[in-house]
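Student: Below is query23.txt; it holds compact mmCIF, C-alpha atoms and all ligand atoms.
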# COMPACT_ATOMS: atom_id res chain seq x y z
CA PRO A 1095 132.49 37.65 -58.48
CA ASP A 1096 133.06 41.33 -59.21
CA VAL A 1097 135.14 40.47 -62.24
CA VAL A 1098 132.35 38.21 -63.41
CA ASN A 1099 129.83 40.98 -62.86
CA LYS A 1100 131.98 43.41 -64.76
CA ILE A 1101 132.35 41.06 -67.70
CA ALA A 1102 128.63 40.30 -67.73
CA ALA A 1103 127.86 44.02 -67.60
CA GLY A 1104 130.25 44.72 -70.43
CA GLU A 1105 128.40 42.19 -72.56
CA ILE A 1106 125.04 43.82 -71.97
CA ILE A 1107 126.32 47.37 -72.38
CA VAL A 1108 128.88 47.41 -75.19
CA ALA A 1109 128.48 51.05 -76.18
CA PRO A 1110 126.81 54.11 -74.63
CA VAL A 1111 123.80 53.65 -76.91
CA HIS A 1112 123.00 50.33 -75.20
CA ALA A 1113 122.78 52.05 -71.83
CA LEU A 1114 120.65 54.77 -73.36
CA LYS A 1115 118.19 52.27 -74.85
CA GLU A 1116 117.69 50.64 -71.45
CA LEU A 1117 117.25 54.00 -69.74
CA ILE A 1118 114.71 55.18 -72.32
CA GLU A 1119 112.71 51.98 -71.89
CA ASN A 1120 112.74 52.38 -68.10
CA ALA A 1121 111.54 55.98 -68.35
CA VAL A 1122 108.74 55.03 -70.74
CA ASP A 1123 107.77 52.06 -68.55
CA ALA A 1124 107.48 54.50 -65.63
CA GLY A 1125 104.73 56.35 -67.50
CA SER A 1126 106.76 59.42 -68.40
CA THR A 1127 105.47 61.97 -70.89
CA SER A 1128 108.73 63.90 -71.04
CA LEU A 1129 112.20 62.58 -71.54
CA GLU A 1130 115.30 64.76 -71.63
CA ILE A 1131 118.63 63.32 -72.67
CA LEU A 1132 121.96 65.02 -72.06
CA VAL A 1133 125.19 63.69 -73.56
CA LYS A 1134 128.86 64.51 -73.16
CA ASP A 1135 131.69 62.95 -75.16
CA GLY A 1136 129.45 60.56 -77.02
CA GLY A 1137 127.90 59.38 -73.77
CA LEU A 1138 131.22 58.13 -72.41
CA LYS A 1139 131.72 61.08 -70.08
CA LEU A 1140 128.05 61.69 -69.32
CA LEU A 1141 124.73 60.17 -70.20
CA GLN A 1142 121.84 61.68 -68.30
CA ILE A 1143 118.17 61.08 -68.73
CA THR A 1144 115.51 62.99 -66.87
CA ASP A 1145 111.91 61.81 -66.91
CA ASN A 1146 108.64 62.86 -65.30
CA GLY A 1147 107.36 59.36 -64.61
CA GLY A 1148 106.23 57.65 -61.42
CA GLY A 1149 109.58 57.72 -59.66
CA ILE A 1150 111.12 55.15 -57.32
CA GLU A 1151 110.19 54.63 -53.68
CA LYS A 1152 112.91 55.45 -51.19
CA GLU A 1153 112.84 51.95 -49.68
CA ASP A 1154 113.56 50.44 -53.12
CA LEU A 1155 116.75 52.43 -53.59
CA GLU A 1156 118.96 50.13 -51.56
CA ILE A 1157 118.40 47.12 -53.85
CA LEU A 1158 117.83 49.06 -57.08
CA CYS A 1159 121.14 47.97 -58.64
CA VAL A 1160 121.15 44.42 -57.33
CA ARG A 1161 120.84 42.05 -60.27
CA HIS A 1162 117.31 40.87 -61.06
CA THR A 1163 115.75 43.69 -59.10
CA THR A 1164 112.68 44.56 -61.09
CA SER A 1165 109.22 45.88 -60.39
CA LYS A 1166 108.01 44.49 -63.68
CA ILE A 1167 107.46 40.78 -63.02
CA SER A 1168 104.71 40.02 -60.58
CA THR A 1169 103.46 36.63 -61.65
CA PHE A 1170 104.98 33.52 -63.14
CA GLU A 1171 103.13 34.05 -66.43
CA ASP A 1172 104.88 37.39 -66.72
CA LEU A 1173 108.12 35.50 -67.14
CA SER A 1174 107.15 34.71 -70.71
CA SER A 1175 107.20 38.42 -71.46
CA ILE A 1176 110.92 38.49 -70.71
CA ALA A 1177 111.34 37.76 -74.39
CA THR A 1178 110.48 41.21 -75.60
CA TYR A 1179 110.94 43.15 -72.44
CA GLY A 1180 114.58 42.22 -72.30
CA PHE A 1181 116.67 40.80 -69.54
CA ARG A 1182 114.80 41.68 -66.38
CA GLY A 1183 116.49 43.74 -63.76
CA GLU A 1184 119.88 43.71 -65.47
CA ALA A 1185 120.22 47.21 -66.86
CA LEU A 1186 120.84 49.38 -63.81
CA ALA A 1187 122.84 46.61 -62.14
CA SER A 1188 125.07 46.32 -65.21
CA ILE A 1189 125.57 50.05 -65.52
CA SER A 1190 126.60 50.28 -61.85
CA HIS A 1191 129.45 47.84 -62.53
CA ILE A 1192 130.98 49.83 -65.37
CA ALA A 1193 130.16 53.46 -64.56
CA HIS A 1194 129.41 55.90 -61.77
CA LEU A 1195 125.64 55.87 -61.45
CA THR A 1196 123.54 58.49 -59.70
CA VAL A 1197 119.77 58.23 -59.32
CA THR A 1198 117.63 61.16 -58.22
CA THR A 1199 113.98 60.30 -57.90
CA LYS A 1200 110.70 61.46 -56.47
CA THR A 1201 107.33 59.74 -56.42
CA LYS A 1202 104.13 61.76 -56.41
CA GLU A 1203 103.54 61.06 -52.71
CA ALA A 1204 107.04 61.79 -51.45
CA ALA A 1205 107.67 65.21 -49.95
CA LEU A 1206 111.25 65.32 -51.20
CA ALA A 1207 113.35 63.67 -53.84
CA TRP A 1208 116.06 61.14 -52.94
CA ARG A 1209 119.49 60.92 -54.43
CA ALA A 1210 121.61 57.79 -54.37
CA HIS A 1211 124.98 56.84 -55.86
CA TYR A 1212 125.90 53.33 -56.91
CA LEU A 1213 128.97 51.30 -57.62
CA ASP A 1214 129.17 47.55 -58.26
CA GLY A 1215 125.51 47.00 -57.50
CA LYS A 1216 125.58 48.73 -54.12
CA LEU A 1217 124.86 52.12 -52.66
CA ALA A 1218 128.08 54.11 -52.59
CA PRO A 1219 129.13 57.47 -51.17
CA ALA A 1220 129.22 60.45 -53.54
CA LYS A 1221 132.70 61.22 -52.28
CA PRO A 1222 135.07 59.06 -50.23
CA GLY A 1223 134.33 59.38 -46.52
CA GLN A 1224 130.71 60.39 -47.01
CA SER A 1225 127.73 58.23 -46.15
CA ALA A 1226 126.36 55.89 -48.81
CA GLU A 1227 122.80 56.40 -47.58
CA PRO A 1228 120.36 58.09 -49.99
CA LYS A 1229 120.15 61.83 -49.38
CA ALA A 1230 117.00 63.97 -49.40
CA VAL A 1231 117.17 66.72 -52.02
CA ALA A 1232 114.76 69.13 -53.65
CA GLY A 1233 113.33 67.82 -56.90
CA ARG A 1234 110.34 67.33 -59.15
CA GLN A 1235 108.37 64.14 -59.64
CA GLY A 1236 110.17 61.66 -61.84
CA THR A 1237 113.59 60.17 -62.13
CA GLN A 1238 116.95 61.42 -63.27
CA ILE A 1239 119.57 58.81 -64.05
CA THR A 1240 123.13 60.05 -64.44
CA VAL A 1241 125.75 57.74 -65.89
CA GLU A 1242 129.30 59.11 -65.67
CA ASP A 1243 132.61 57.79 -66.97
CA LEU A 1244 131.18 54.73 -68.66
CA PHE A 1245 133.77 51.90 -68.86
CA PHE A 1246 136.12 53.78 -66.49
CA ASN A 1247 137.13 50.39 -65.07
CA VAL A 1248 137.23 48.58 -68.42
CA PRO A 1249 140.17 50.35 -70.08
CA THR A 1250 140.30 48.05 -73.12
CA ARG A 1251 136.69 48.75 -73.92
CA ARG A 1252 137.13 52.45 -73.20
CA ARG A 1253 140.07 52.68 -75.61
CA ALA A 1254 138.14 50.91 -78.37
CA PHE A 1255 136.01 54.00 -79.00
CA ARG A 1256 137.41 55.92 -81.93
CA SER A 1257 135.22 58.98 -82.02
CA TYR A 1258 132.74 60.66 -79.74
CA ALA A 1259 130.84 61.75 -82.84
CA ASP A 1260 130.16 58.14 -83.87
CA GLU A 1261 128.83 57.28 -80.43
CA PHE A 1262 126.71 60.43 -80.37
CA ASN A 1263 125.25 59.54 -83.78
CA LYS A 1264 124.23 56.13 -82.48
CA ILE A 1265 122.61 57.81 -79.48
CA ILE A 1266 120.69 60.29 -81.63
CA ASP A 1267 119.60 57.49 -83.94
CA MET A 1268 118.24 55.40 -81.06
CA ALA A 1269 116.57 58.39 -79.35
CA GLY A 1270 114.99 59.28 -82.72
CA ARG A 1271 113.56 55.80 -83.12
CA TYR A 1272 111.92 55.89 -79.71
CA ALA A 1273 110.75 59.46 -80.34
CA VAL A 1274 108.92 58.23 -83.43
CA HIS A 1275 107.43 55.24 -81.64
CA CYS A 1276 106.43 56.60 -78.23
CA GLN A 1277 103.27 58.55 -78.86
CA GLY A 1278 102.35 60.88 -76.04
CA VAL A 1279 105.98 61.24 -74.96
CA GLY A 1280 108.08 64.32 -75.61
CA PHE A 1281 111.78 63.83 -76.31
CA THR A 1282 114.79 66.10 -76.31
CA CYS A 1283 118.42 65.17 -76.77
CA LYS A 1284 121.26 67.58 -76.36
CA LYS A 1285 125.02 67.68 -76.16
CA ALA A 1286 126.25 69.15 -72.86
CA GLY A 1287 127.28 72.76 -73.28
CA GLU A 1288 125.30 73.32 -76.47
CA ALA A 1289 122.37 75.69 -76.52
CA SER A 1290 120.15 73.90 -79.01
CA ASN A 1291 118.72 70.41 -78.98
CA SER A 1292 119.91 67.83 -81.47
CA LEU A 1293 116.51 66.22 -81.22
CA SER A 1294 113.23 67.72 -80.12
CA VAL A 1295 109.78 66.14 -80.36
CA GLN A 1296 106.70 67.46 -78.57
CA ALA A 1297 104.61 65.11 -76.42
CA GLN A 1298 101.47 65.82 -78.45
CA ALA A 1299 103.06 65.32 -81.87
CA THR A 1300 101.40 62.82 -84.21
CA VAL A 1301 103.39 59.91 -85.60
CA ILE A 1302 103.76 61.65 -88.98
CA ASP A 1303 104.95 64.81 -87.23
CA ARG A 1304 107.43 62.74 -85.20
CA ILE A 1305 108.81 61.26 -88.40
CA ARG A 1306 108.93 64.77 -89.90
CA TYR A 1307 110.95 66.16 -86.96
CA VAL A 1308 113.36 63.25 -86.83
CA TYR A 1309 113.73 62.19 -90.47
CA GLY A 1310 112.65 65.31 -92.35
CA GLY A 1311 109.67 66.52 -94.34
CA MET A 1312 110.72 64.80 -97.55
CA VAL A 1313 110.27 61.42 -95.91
CA ALA A 1314 107.17 62.37 -93.91
CA ASN A 1315 105.25 63.78 -96.87
CA GLU A 1316 105.42 60.57 -98.87
CA LEU A 1317 104.27 57.91 -96.46
CA ILE A 1318 101.43 55.46 -96.48
CA GLU A 1319 99.86 54.13 -93.35
CA LEU A 1320 99.92 50.40 -92.93
CA THR A 1321 97.84 48.05 -90.81
CA VAL A 1322 98.10 44.28 -91.06
CA SER A 1323 97.08 41.51 -88.74
CA ASP A 1324 96.57 37.78 -88.86
CA ASP A 1325 95.27 35.76 -85.95
CA ARG A 1326 96.75 32.57 -87.38
CA TRP A 1327 100.25 33.95 -86.86
CA GLY A 1328 99.39 35.78 -83.67
CA PHE A 1329 100.42 39.26 -84.72
CA SER A 1330 99.15 42.69 -85.58
CA ALA A 1331 101.19 45.48 -87.09
CA ASN A 1332 100.85 49.11 -87.93
CA GLY A 1333 103.17 51.77 -89.14
CA TYR A 1334 104.17 54.07 -91.95
CA VAL A 1335 106.17 53.21 -95.02
CA THR A 1336 107.47 55.04 -98.08
CA ASN A 1337 105.05 55.13 -101.01
CA ALA A 1338 106.10 54.33 -104.54
CA ASN A 1339 107.05 57.91 -105.43
CA TYR A 1340 109.87 58.63 -103.14
CA GLY A 1341 113.01 56.77 -102.20
CA VAL A 1342 115.57 57.87 -99.64
CA LYS A 1343 119.33 57.59 -100.14
CA LYS A 1344 119.84 55.04 -97.41
CA SER A 1345 117.09 52.72 -96.25
CA ASN A 1346 115.71 53.31 -92.79
CA PHE A 1347 114.13 50.45 -90.93
CA LEU A 1348 112.51 51.20 -87.58
CA LEU A 1349 111.13 48.03 -86.06
CA PHE A 1350 109.39 47.76 -82.71
CA ILE A 1351 108.09 44.49 -81.35
CA ASN A 1352 105.91 44.86 -78.29
CA HIS A 1353 107.26 48.40 -77.95
CA ARG A 1354 110.91 47.41 -77.87
CA CYS A 1355 113.22 48.56 -80.62
CA VAL A 1356 114.64 45.42 -82.24
CA GLU A 1357 116.24 44.29 -85.46
CA SER A 1358 115.28 41.66 -87.96
CA SER A 1359 117.61 41.45 -90.93
CA THR A 1360 115.35 38.86 -92.54
CA MET A 1361 112.36 41.20 -92.38
CA LYS A 1362 114.41 44.17 -93.53
CA LYS A 1363 115.73 42.31 -96.57
CA ALA A 1364 112.32 40.96 -97.55
CA ILE A 1365 110.69 44.39 -97.37
CA GLU A 1366 113.51 46.07 -99.28
CA GLN A 1367 113.11 43.38 -101.91
CA THR A 1368 109.41 44.19 -102.17
CA TYR A 1369 110.30 47.81 -102.92
CA THR A 1370 112.83 47.18 -105.68
CA SER A 1371 110.30 47.04 -108.51
CA PHE A 1372 108.50 50.17 -107.27
CA LEU A 1373 111.07 52.75 -106.26
CA PRO A 1374 113.15 54.74 -108.74
CA LYS A 1375 116.63 53.31 -109.22
CA GLY A 1376 118.90 54.01 -106.24
CA GLY A 1377 115.95 54.89 -104.00
CA HIS A 1378 115.45 53.10 -100.69
CA PRO A 1379 112.40 52.89 -98.44
CA PHE A 1380 111.74 54.43 -95.04
CA ILE A 1381 109.94 51.83 -92.93
CA TYR A 1382 108.48 52.23 -89.47
CA LEU A 1383 106.66 49.19 -88.15
CA SER A 1384 105.21 48.47 -84.76
CA LEU A 1385 104.34 44.81 -84.26
CA GLU A 1386 102.46 43.29 -81.42
CA ILE A 1387 103.18 39.61 -81.06
CA ASP A 1388 102.06 37.30 -78.30
CA PRO A 1389 105.15 37.39 -76.02
CA ALA A 1390 105.04 33.59 -75.77
CA ARG A 1391 105.84 33.47 -79.51
CA VAL A 1392 108.96 35.60 -79.29
CA ASP A 1393 112.35 33.91 -78.83
CA VAL A 1394 113.49 34.11 -75.22
CA ASN A 1395 117.06 33.23 -75.99
CA VAL A 1396 118.16 36.35 -77.81
CA HIS A 1397 121.34 37.73 -76.38
CA PRO A 1398 120.91 41.26 -75.03
CA THR A 1399 123.48 42.85 -77.31
CA LYS A 1400 122.11 41.08 -80.34
CA ARG A 1401 119.02 43.11 -81.08
CA GLU A 1402 118.16 40.52 -83.76
CA VAL A 1403 114.81 39.06 -82.84
CA HIS A 1404 113.09 35.81 -83.84
CA PHE A 1405 109.53 34.67 -83.36
CA LEU A 1406 107.19 31.84 -84.31
CA ASN A 1407 105.90 31.84 -87.90
CA GLU A 1408 108.40 34.51 -88.77
CA GLU A 1409 108.23 33.62 -92.46
CA GLU A 1410 104.44 33.86 -92.58
CA VAL A 1411 104.41 37.16 -90.71
CA ILE A 1412 107.04 38.65 -93.02
CA GLN A 1413 105.16 37.40 -96.05
CA ALA A 1414 101.91 38.94 -94.81
CA LEU A 1415 103.68 42.28 -94.29
CA CYS A 1416 105.32 42.21 -97.72
CA LYS A 1417 102.08 41.24 -99.43
CA LYS A 1418 100.28 44.15 -97.82
CA ILE A 1419 103.05 46.59 -98.71
CA GLU A 1420 103.08 45.34 -102.28
CA SER A 1421 99.35 45.83 -102.72
CA GLU A 1422 99.53 49.32 -101.20
CA LEU A 1423 102.41 50.26 -103.48
CA ALA A 1424 100.62 48.90 -106.54
CA ALA A 1425 97.60 51.02 -105.63
CA VAL A 1426 99.70 54.21 -105.30
CA ASP A 1427 101.46 53.40 -108.58
CA GLU A 1428 98.23 53.32 -110.62
P1 LIG B 1 113.90 46.22 -65.50
O1 LIG B 1 113.58 47.39 -66.37
O2 LIG B 1 114.10 44.98 -66.30
O3 LIG B 1 112.92 46.04 -64.37
P2 LIG B 1 116.20 47.75 -64.74
O4 LIG B 1 117.54 47.39 -64.17
O5 LIG B 1 116.19 48.43 -66.07
O6 LIG B 1 115.33 46.43 -64.84
O7 LIG B 1 115.43 48.62 -63.70
C1 LIG B 1 115.20 48.10 -62.40
C2 LIG B 1 113.99 48.71 -61.73
O8 LIG B 1 114.27 50.07 -61.42
C3 LIG B 1 112.74 48.76 -62.60
O9 LIG B 1 112.00 47.56 -62.55
C4 LIG B 1 112.00 49.94 -62.00
O10 LIG B 1 111.23 49.53 -60.90
C5 LIG B 1 113.09 50.85 -61.51
N1 LIG B 1 113.37 51.96 -62.44
C6 LIG B 1 114.42 52.06 -63.28
N2 LIG B 1 114.37 53.21 -63.99
C7 LIG B 1 113.25 53.86 -63.58
C8 LIG B 1 112.64 55.12 -63.95
N3 LIG B 1 113.16 55.93 -64.86
N4 LIG B 1 111.48 55.46 -63.29
C9 LIG B 1 110.94 54.64 -62.36
N5 LIG B 1 111.48 53.46 -61.99
C10 LIG B 1 112.61 53.06 -62.58
MG MG B 2 114.87 48.20 -67.76
Please go through the file and, once you have read it, give me the structure as structure tokens.
Ligand code: ADP
Ligand code: MG

Tutor:
Amino acid sequence: PDVVNKIAAGEIIVAPVHALKELIENAVDAGSTSLEILVKDGGLKLLQITDNGGGIEKEDLEILCVRHTTSKISTFEDLSSIATYGFRGEALASISHIAHLTVTTKTKEAALAWRAHYLDGKLAPAKPGQSAEPKAVAGRQGTQITVEDLFFNVPTRRRAFRSYADEFNKIIDMAGRYAVHCQGVGFTCKKAGEASNSLSVQAQATVIDRIRYVYGGMVANELIELTVSDDRWGFSANGYVTNANYGVKKSNFLLFINHRCVESSTMKKAIEQTYTSFLPKGGHPFIYLSLEIDPARVDVNVHPTKREVHFLNEEEVIQALCKKIESELAAVDE
């Protein structure tokens, strides 16, 4: 069964960025307003995320990394929200099968923080011979998750990574996306041992300011705000997209559905197509869209590593978005 667990875990977490995405979502779900990310060797040596959210109760620590442990499904109806909220209770369990996981956490009510180590879904001692029981430590409210030596027990996967820089770039890209999307949340991301942050967004920053910090002023200064909704197709969307005056070298497509970062190559292609007659030759759009779709309409069967998402009336929704973008661009063009 441990081999099975390890294989399953390796399918959910294929690269450090997949672990990071899960950890960011957990921190945001816990109501955090500050999120600090620390990375060593592209996340393979160390991936640490410190939040100031609600924390985890001491009595929940023992089963925290048991598969399907989640505090996020309370009723049967909630099950339908699995679609966009991902595979429930799989992230920490998976990580514990392919890395050394340490959780330090304190709720508002607790007098002290608790620190626990995990391996293969279970509490584990920090060092051989020590007790596996959670230990009381000093700490602030919130949770710090430390993932060390990712894939240490999956040597083939571990060897497949060519460059730490590539993995770090994926991490920064993902952190940047969430930093744009999560209003009210401050983000930093830093390489271990470096003095300055690679990413830094203040909690109170506006969406435009978030885009400015992450993607630069050139992009941020030339955006139009977008809002579209249609009850027939059960969706509403808002976001910011490039206007007709300014194209970027490489197109950027930030898509969130029900606050989860996802991909839709169909939507991306259709929107890029809409831009071709507006942007100067060689220019590509920057697109940030946040869609809310009734969770019951989103495909439950997406595989966790495939971020590609599908939902009911996809064609109609994409058409509505493109039509709106087209009319906005035509208006700017006049
Ligand atoms: P899921 O997010 O689907 O519930 P996870 O394996 O990602 O599954 O997390 C398991 C549980 O651990 C969560 O439901 C939550 O109760 C708790 N948890 C994980 N990370 C945090 C965090 N940063 N702050 C508070 N609770 C957390
Ligand atoms: Mg989670």

Student: Using only C-alpha atoms and all ligand atoms, which of the listed residues (A:Ile1150, A:Ile1143, A:Val1133, A:Ile1192) sits closest to ligand LIG 1 (chain B)?

Tutor: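 Of all the options, A:Ile1150 lies closest to ligand LIG 1 (chain B).
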
Student: Write out as a count of residues only each polymer residue whose atoms come within 7 Å of stretch 1110-1121 of chain A, counting all atoms listed in the file; drop sequence neighbours fewer than 2 positions from it.

Tutor: 15

Student: Measuring atom to atom with all atoms listed in the file, identify which of A:Ser1292, A:Ala1414, A:Glu1227, A:Arg1271 is nearest to A:Ser1330.

Tutor: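 Ranking A:Ser1292, A:Ala1414, A:Glu1227, A:Arg1271 by distance to A:Ser1330, first place goes to A:Ala1414.
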
Student: At what distance in Å, to one decimal, does atom CA of A:Asp1096 lie from atom CA of A:Leu1195?

Tutor: 16.5 Å

Student: Name all residues at most 12 Å from A:Phe1405 (count all atoms listed in the file; drop same-chain ones fewer than 3 positions away) and give them as an mmCIF file with C-alpha atoms, in the coordinates of the input.

Tutor:
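Okay, part_28.cif is ready:
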data_model
loop_
_atom_site.group_PDB
_atom_site.id
_atom_site.type_symbol
_atom_site.label_atom_id
_atom_site.label_comp_id
_atom_site.auth_asym_id
_atom_site.auth_seq_id
_atom_site.Cartn_x
_atom_site.Cartn_y
_atom_site.Cartn_z
ATOM 1 C CA ALA A 1177 111.340 37.760 -74.390
ATOM 2 C CA THR A 1178 110.480 41.210 -75.600
ATOM 3 C CA TRP A 1327 100.250 33.950 -86.860
ATOM 4 C CA GLY A 1328 99.390 35.780 -83.670
ATOM 5 C CA PHE A 1329 100.420 39.260 -84.720
ATOM 6 C CA ILE A 1351 108.090 44.490 -81.350
ATOM 7 C CA ASN A 1352 105.910 44.860 -78.290
ATOM 8 C CA VAL A 1356 114.640 45.420 -82.240
ATOM 9 C CA GLU A 1357 116.240 44.290 -85.460
ATOM 10 C CA SER A 1358 115.280 41.660 -87.960
ATOM 11 C CA THR A 1360 115.350 38.860 -92.540
ATOM 12 C CA MET A 1361 112.360 41.200 -92.380
ATOM 13 C CA LEU A 1385 104.340 44.810 -84.260
ATOM 14 C CA GLU A 1386 102.460 43.290 -81.420
ATOM 15 C CA ILE A 1387 103.180 39.610 -81.060
ATOM 16 C CA ASP A 1388 102.060 37.300 -78.300
ATOM 17 C CA PRO A 1389 105.150 37.390 -76.020
ATOM 18 C CA ALA A 1390 105.040 33.590 -75.770
ATOM 19 C CA ARG A 1391 105.840 33.470 -79.510
ATOM 20 C CA VAL A 1392 108.960 35.600 -79.290
ATOM 21 C CA ASP A 1393 112.350 33.910 -78.830
ATOM 22 C CA VAL A 1394 113.490 34.110 -75.220
ATOM 23 C CA ASN A 1395 117.060 33.230 -75.990
ATOM 24 C CA VAL A 1396 118.160 36.350 -77.810
ATOM 25 C CA GLU A 1402 118.160 40.520 -83.760
ATOM 26 C CA GLU A 1408 108.400 34.510 -88.770
ATOM 27 C CA GLU A 1409 108.230 33.620 -92.460
ATOM 28 C CA GLU A 1410 104.440 33.860 -92.580
ATOM 29 C CA VAL A 1411 104.410 37.160 -90.710
ATOM 30 C CA ILE A 1412 107.040 38.650 -93.020
#

Student: What does the distance between atom P1 of ligand LIG 1 (chain B) and atom CA of A:Cys1159 come to in Å, to one decimal place?

Tutor: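 Atom-to-atom, atom P1 of ligand LIG 1 (chain B) to atom CA of A:Cys1159, that is 10.1 Å.
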
Student: Name the closest residue to A:Ala1218 among the candidates A:Asp1267, A:Glu1156, A:Asp1243, A:Asp1135; distances are taken between atoms, counting all atoms listed in the file.

Tutor: A:Glu1156

Student: Rounded to one decimal in Å, what is the spacing between atom CA of A:Tyr1334 and atom CA of A:Phe1350?

Tutor: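 One can read the atom CA of A:Tyr1334 to atom CA of A:Phe1350 distance as 12.3 Å.
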
Student: Excluding stretch 1207-1214 of chain A and any residue of its chain fewer than 4 positions from it, enumerate the residues within 6 Å of it, using only C-alpha atoms, and give them as a VMD selection string.

Tutor: chain A and resid 1190 to 1191 1195 to 1200 1218 1228 to 1233

Student: Using all atoms listed in the file, which of A:Asn1315, A:Thr1127, A:Thr1164, A:Ser1345 sits nearest ligand MG 2 (chain B)?

Tutor: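 Going through A:Asn1315, A:Thr1127, A:Thr1164, A:Ser1345 one by one, the smallest distance to ligand MG 2 (chain B) is for A:Thr1164.
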
Student: Would you please work out which residue, of A:Tyr1382, A:Ile1365, A:Gly1104, A:Lys1344, is nearest to A:Ile1302 when using all atoms listed in the file?

Tutor: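 Smallest distance to A:Ile1302 is found for A:Tyr1382.
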
Student: Go through A:Leu1186, A:Ala1204, A:Cys1416, A:Val1313 one by one, measure the shortest atom-to-atom distance of each to ligand LIG 1 (chain B) using all atoms listed in the file, and give the residue with the smallest value.

Tutor: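 Nearest candidate to ligand LIG 1 (chain B) out of A:Leu1186, A:Ala1204, A:Cys1416, A:Val1313: A:Leu1186.
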
Student: To box stretch 1243-1254 of chain A, take all atoms listed in the file, fit an axis-aligned box, add 8 Å on each side, and give centre and edge lengths in Å to one decimal, as JSON.

Tutor:
{"center_x": 135.7, "center_y": 52.9, "center_z": -71.7, "size_x": 25.1, "size_y": 25.7, "size_z": 29.3}

Student: With all atoms listed in the file as the counted atoms, please give the residues lying no more than 12 Å from stretch 1368-1373 of chain A, apart from itself and same-chain residues fewer than 3 positions off, as an mmCIF file with C-alpha atoms, in the coordinates of the input.

Tutor:
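Output saved as out39.cif:
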data_model
loop_
_atom_site.group_PDB
_atom_site.id
_atom_site.type_symbol
_atom_site.label_atom_id
_atom_site.label_comp_id
_atom_site.auth_asym_id
_atom_site.auth_seq_id
_atom_site.Cartn_x
_atom_site.Cartn_y
_atom_site.Cartn_z
ATOM 1 C CA VAL A 1335 106.170 53.210 -95.020
ATOM 2 C CA THR A 1336 107.470 55.040 -98.080
ATOM 3 C CA ASN A 1337 105.050 55.130 -101.010
ATOM 4 C CA ALA A 1338 106.100 54.330 -104.540
ATOM 5 C CA ASN A 1339 107.050 57.910 -105.430
ATOM 6 C CA TYR A 1340 109.870 58.630 -103.140
ATOM 7 C CA GLY A 1341 113.010 56.770 -102.200
ATOM 8 C CA VAL A 1342 115.570 57.870 -99.640
ATOM 9 C CA LYS A 1343 119.330 57.590 -100.140
ATOM 10 C CA SER A 1345 117.090 52.720 -96.250
ATOM 11 C CA MET A 1361 112.360 41.200 -92.380
ATOM 12 C CA LYS A 1362 114.410 44.170 -93.530
ATOM 13 C CA LYS A 1363 115.730 42.310 -96.570
ATOM 14 C CA ALA A 1364 112.320 40.960 -97.550
ATOM 15 C CA ILE A 1365 110.690 44.390 -97.370
ATOM 16 C CA GLY A 1376 118.900 54.010 -106.240
ATOM 17 C CA GLY A 1377 115.950 54.890 -104.000
ATOM 18 C CA HIS A 1378 115.450 53.100 -100.690
ATOM 19 C CA PRO A 1379 112.400 52.890 -98.440
ATOM 20 C CA PHE A 1380 111.740 54.430 -95.040
ATOM 21 C CA ILE A 1381 109.940 51.830 -92.930
ATOM 22 C CA ILE A 1412 107.040 38.650 -93.020
ATOM 23 C CA GLN A 1413 105.160 37.400 -96.050
ATOM 24 C CA ALA A 1414 101.910 38.940 -94.810
ATOM 25 C CA LEU A 1415 103.680 42.280 -94.290
ATOM 26 C CA CYS A 1416 105.320 42.210 -97.720
ATOM 27 C CA LYS A 1417 102.080 41.240 -99.430
ATOM 28 C CA LYS A 1418 100.280 44.150 -97.820
ATOM 29 C CA ILE A 1419 103.050 46.590 -98.710
ATOM 30 C CA GLU A 1420 103.080 45.340 -102.280
ATOM 31 C CA SER A 1421 99.350 45.830 -102.720
ATOM 32 C CA GLU A 1422 99.530 49.320 -101.200
ATOM 33 C CA LEU A 1423 102.410 50.260 -103.480
ATOM 34 C CA ALA A 1424 100.620 48.900 -106.540
ATOM 35 C CA ALA A 1425 97.600 51.020 -105.630
ATOM 36 C CA VAL A 1426 99.700 54.210 -105.300
ATOM 37 C CA ASP A 1427 101.460 53.400 -108.580
ATOM 38 C CA GLU A 1428 98.230 53.320 -110.620
#

Student: Please provide the set of residues having any atom within 6 Å of A:Leu1141, restricted to all atoms listed in the file, with same-chain residues fewer than 5 positions apart removed, written as a PDB file with C-alpha atoms, keeping the file's coordinate frame.

Tutor:
ATOM      1  CA  LEU A1132     121.960  65.020 -72.060  1.00  0.00           C
ATOM      2  CA  VAL A1133     125.190  63.690 -73.560  1.00  0.00           C
ATOM      3  CA  THR A1240     123.130  60.050 -64.440  1.00  0.00           C
ATOM      4  CA  VAL A1241     125.750  57.740 -65.890  1.00  0.00           C
TER       5      VAL A1241
END
